[in-house]
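Trainee: Provided herewith is a single structure, encoded as structure tokens, for subsequent inquiry.
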Amino acid sequence: MRANTIRLFVEDSLEAGGEIACTRSQANYLLNVMRLGDGAEILIFDGQNGEWRANLARQKRSDCSLRILEQSRPQSDGPDIHYLFAPLKRARLDFIVQKATELGVAALRPVMTRRTDAQRVKLERMRANVIEAAEQCGVLRIPQVLEPLSLDKLLERWDPARRIVYCDEEAPVTSPLEALTPLGPGPLAVLIGPEGGFNAEEQSCLRGLSFVTPISLGPRVMRADTAGVAALSLLNAVLGDWR
């Protein structure tokens, strides 16, 4: 993908020879912001059928459609990693969602802990950030945005086949690489706590579960959004698709 190529996510299922109508916001972006003319070529993807070349067909002054030409990239999915996080305030929540999408997660779920500051999460805003990050960074899969759950309910309903990795300053193995390597391939989740960390009861619960692996992120104390990027990078490098 060239750096200046316009790329849009569309809800319609894509196939060669089809034509899809742009939403009002997409038409405004293409016609008024980017000032594209009839026949201009862009890339489109639907999160399931790869990426396609398409030509813009201008219908009216403020309306357009896209003629689907040919597939430019087949569908490829990233690692099977879920990102579980205690929500932060608006700008930093946007950052978390965007970076997790860029790092290839399959799903994002807000998790309410005892020390979570932001108690309300706008899922539509999260999804908009997911789509924007995927459009800008060449990602083909659109991560699921899952409903918030309390930590207690999350762990109560959890499928132990998907191991949870969470950041713990007191992890018994100081090297995160050594802690992650024995896990082997399989579905995973990263759990990032709130700014004040998990409280003592939550820590005790997590440490007592067989499907939970604590990892250390080294000698420096990180903010929650930074810790999320660091943990996801480690998982991709050791167990994901960076190997």
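Each chain in the structure tokens gets a letter, A, B, ..., in the order shown, and its residues are numbered from 1; ligands are numbered from 1 in order too.
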Which residues come within 9 Å of Val173 of chain A, counting only C-alpha atoms, excluding same-chain residues fewer than 2 positions away, as a PyMOL selection string?
Mentor: chain A and resi 170-171+175-176+178-179+214-216
Trainee: Could you list, as a list of chain:residue names, every residue within 9 Å of segment 39-46 of chain A, counting only C-alpha atoms and ignoring same-chain residues fewer than 3 positions away?
Mentor: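 Counting only C-alpha atoms, the residues come to A:Met1, A:Thr5, A:Ile6, A:Arg7, A:Leu8, A:Phe9, A:Val10, A:Glu11, A:Asp12, A:Ser13, A:Leu14, A:Leu36, A:Asn49, A:Gly50, A:Glu51, A:Trp52, A:Arg53, A:Ala54, A:Asn55, A:Leu56, A:Ala57, A:Arg58, A:Leu66, A:Ile68, A:Ser72, A:Glu135, A:Leu140, A:Arg141, A:Ile142.
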Trainee: Would you give me, as an NGL selection string, the residues in segment 90-204 of chain A that DSSP reads as alpha helix (DSSP H)?
Mentor: :A and (90-102 or 123-137 or 151-157 or 176-180 or 200-204)
Trainee: Between A:Ala16, A:Ala227, A:Leu232, A:Ala107, single out the one closest to Glu70 of chain A, counting only C-alpha atoms.
Mentor: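 Smallest distance to Glu70 of chain A is found for A:Ala16.
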Trainee: As a PDB file with N, CA and C atoms, in the first residue's frame, please: the residues near Pro160 of chain A (cut-off 12 Å, only C-alpha atoms, same-chain neighbours under 4 positions excluded).
Mentor:
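New file result05.pdb:
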ATOM      1  N   LEU A 154     -16.031 -11.323  34.374  1.00  0.00           N
ATOM      2  CA  LEU A 154     -15.162 -11.777  33.295  1.00  0.00           C
ATOM      3  C   LEU A 154     -14.480 -13.088  33.664  1.00  0.00           C
ATOM      4  N   LEU A 155     -13.887 -13.134  34.863  1.00  0.00           N
ATOM      5  CA  LEU A 155     -13.159 -14.336  35.277  1.00  0.00           C
ATOM      6  C   LEU A 155     -14.101 -15.500  35.546  1.00  0.00           C
ATOM      7  N   GLU A 156     -15.283 -15.190  36.023  1.00  0.00           N
ATOM      8  CA  GLU A 156     -16.281 -16.236  36.299  1.00  0.00           C
ATOM      9  C   GLU A 156     -16.721 -16.933  35.018  1.00  0.00           C
ATOM     10  N   ILE A 164      -4.872 -15.971  29.966  1.00  0.00           N
ATOM     11  CA  ILE A 164      -4.788 -14.536  30.224  1.00  0.00           C
ATOM     12  C   ILE A 164      -3.378 -14.200  30.701  1.00  0.00           C
ATOM     13  N   VAL A 165      -2.772 -13.211  30.072  1.00  0.00           N
ATOM     14  CA  VAL A 165      -1.482 -12.679  30.505  1.00  0.00           C
ATOM     15  C   VAL A 165      -1.752 -11.304  31.096  1.00  0.00           C
ATOM     16  N   GLY A 186      -1.725 -20.746  20.749  1.00  0.00           N
ATOM     17  CA  GLY A 186      -3.096 -20.889  21.229  1.00  0.00           C
ATOM     18  C   GLY A 186      -3.738 -19.543  21.471  1.00  0.00           C
ATOM     19  N   PRO A 187      -5.031 -19.529  21.718  1.00  0.00           N
ATOM     20  CA  PRO A 187      -5.712 -18.257  21.974  1.00  0.00           C
ATOM     21  C   PRO A 187      -5.227 -17.612  23.268  1.00  0.00           C
ATOM     22  N   LEU A 188      -5.066 -16.297  23.240  1.00  0.00           N
ATOM     23  CA  LEU A 188      -4.518 -15.564  24.374  1.00  0.00           C
ATOM     24  C   LEU A 188      -5.334 -14.307  24.645  1.00  0.00           C
ATOM     25  N   ALA A 189      -5.129 -13.735  25.811  1.00  0.00           N
ATOM     26  CA  ALA A 189      -5.689 -12.430  26.151  1.00  0.00           C
ATOM     27  C   ALA A 189      -4.668 -11.680  26.985  1.00  0.00           C
ATOM     28  N   LEU A 209      -5.513 -18.328  39.742  1.00  0.00           N
ATOM     29  CA  LEU A 209      -6.165 -18.986  38.604  1.00  0.00           C
ATOM     30  C   LEU A 209      -5.144 -19.669  37.713  1.00  0.00           C
ATOM     31  N   SER A 210      -5.403 -20.909  37.349  1.00  0.00           N
ATOM     32  CA  SER A 210      -4.434 -21.701  36.585  1.00  0.00           C
ATOM     33  C   SER A 210      -4.245 -21.184  35.161  1.00  0.00           C
ATOM     34  N   PHE A 211      -5.242 -20.478  34.631  1.00  0.00           N
ATOM     35  CA  PHE A 211      -5.159 -20.007  33.238  1.00  0.00           C
ATOM     36  C   PHE A 211      -4.602 -18.585  33.135  1.00  0.00           C
ATOM     37  N   VAL A 212      -4.114 -18.052  34.242  1.00  0.00           N
ATOM     38  CA  VAL A 212      -3.569 -16.694  34.262  1.00  0.00           C
ATOM     39  C   VAL A 212      -2.053 -16.742  34.443  1.00  0.00           C
ATOM     40  N   THR A 213      -1.337 -15.992  33.605  1.00  0.00           N
ATOM     41  CA  THR A 213       0.123 -15.910  33.701  1.00  0.00           C
ATOM     42  C   THR A 213       0.537 -14.465  33.963  1.00  0.00           C
TER      43      THR A 213
END
Trainee: Here is a test: counting only C-alpha atoms, which residue of A:Gln98, A:Ser65, A:Gln203, A:Thr116 is nearest to Asn28 of chain A?
Mentor: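 Closest to Asn28 of chain A of all the choices is A:Ser65.
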Trainee: Quick one: everything within 10 Å of Ala128 of chain A, counting only C-alpha atoms, minus sequence neighbours fewer than 4 positions away in the same chain. Send it as a ChimeraX atom specification.
Mentor: /A:94,97-98,123-124,132-134
Trainee: Could you tell me how far atom CA of Ala237 of chain A sits from atom CA of Leu177 of chain A, in Å to one decimal place?
Mentor: 9.2 Å
Trainee: Expressed in Å to a single decimal, how great is the separation between atom CA of Val105 of chain A and atom CA of Pro219 of chain A?
Mentor: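 Separation of atom CA of Val105 of chain A and atom CA of Pro219 of chain A: 26.1 Å.
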Trainee: Do you have the atom CA of Val130 of chain A-atom CA of Arg90 of chain A distance handy?
Mentor: 14.4 Å
Trainee: In terms of the shortest atom-to-atom distance over only C-alpha atoms, which of A:Leu84, A:Asp168, A:Ala91, A:Leu108 is closest to Ala200 of chain A?
Mentor: A:Asp168
Trainee: Can you list, as number ranges by chain, every protein, DNA or RNA residue that comes within 8 Å of Ile96 of chain A when you count only C-alpha atoms, leaving out same-chain residues fewer than 4 positions away?
Mentor: A: 92, 100, 225, 228-229
Trainee: Between A:Gly47, A:Pro148, A:Gly18, A:Gly197, single out the one closest to Gly78 of chain A, counting only C-alpha atoms.
Mentor: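 Ranking A:Gly47, A:Pro148, A:Gly18, A:Gly197 by distance to Gly78 of chain A, first place goes to A:Gly47.
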Trainee: My list of candidates is A:Glu202, A:Val139, A:Ala106, A:Arg120. Which is closest to Asp152 of chain A when distances are computed with only C-alpha atoms?
Mentor: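 For Asp152 of chain A, the nearest of the given residues is A:Glu202.
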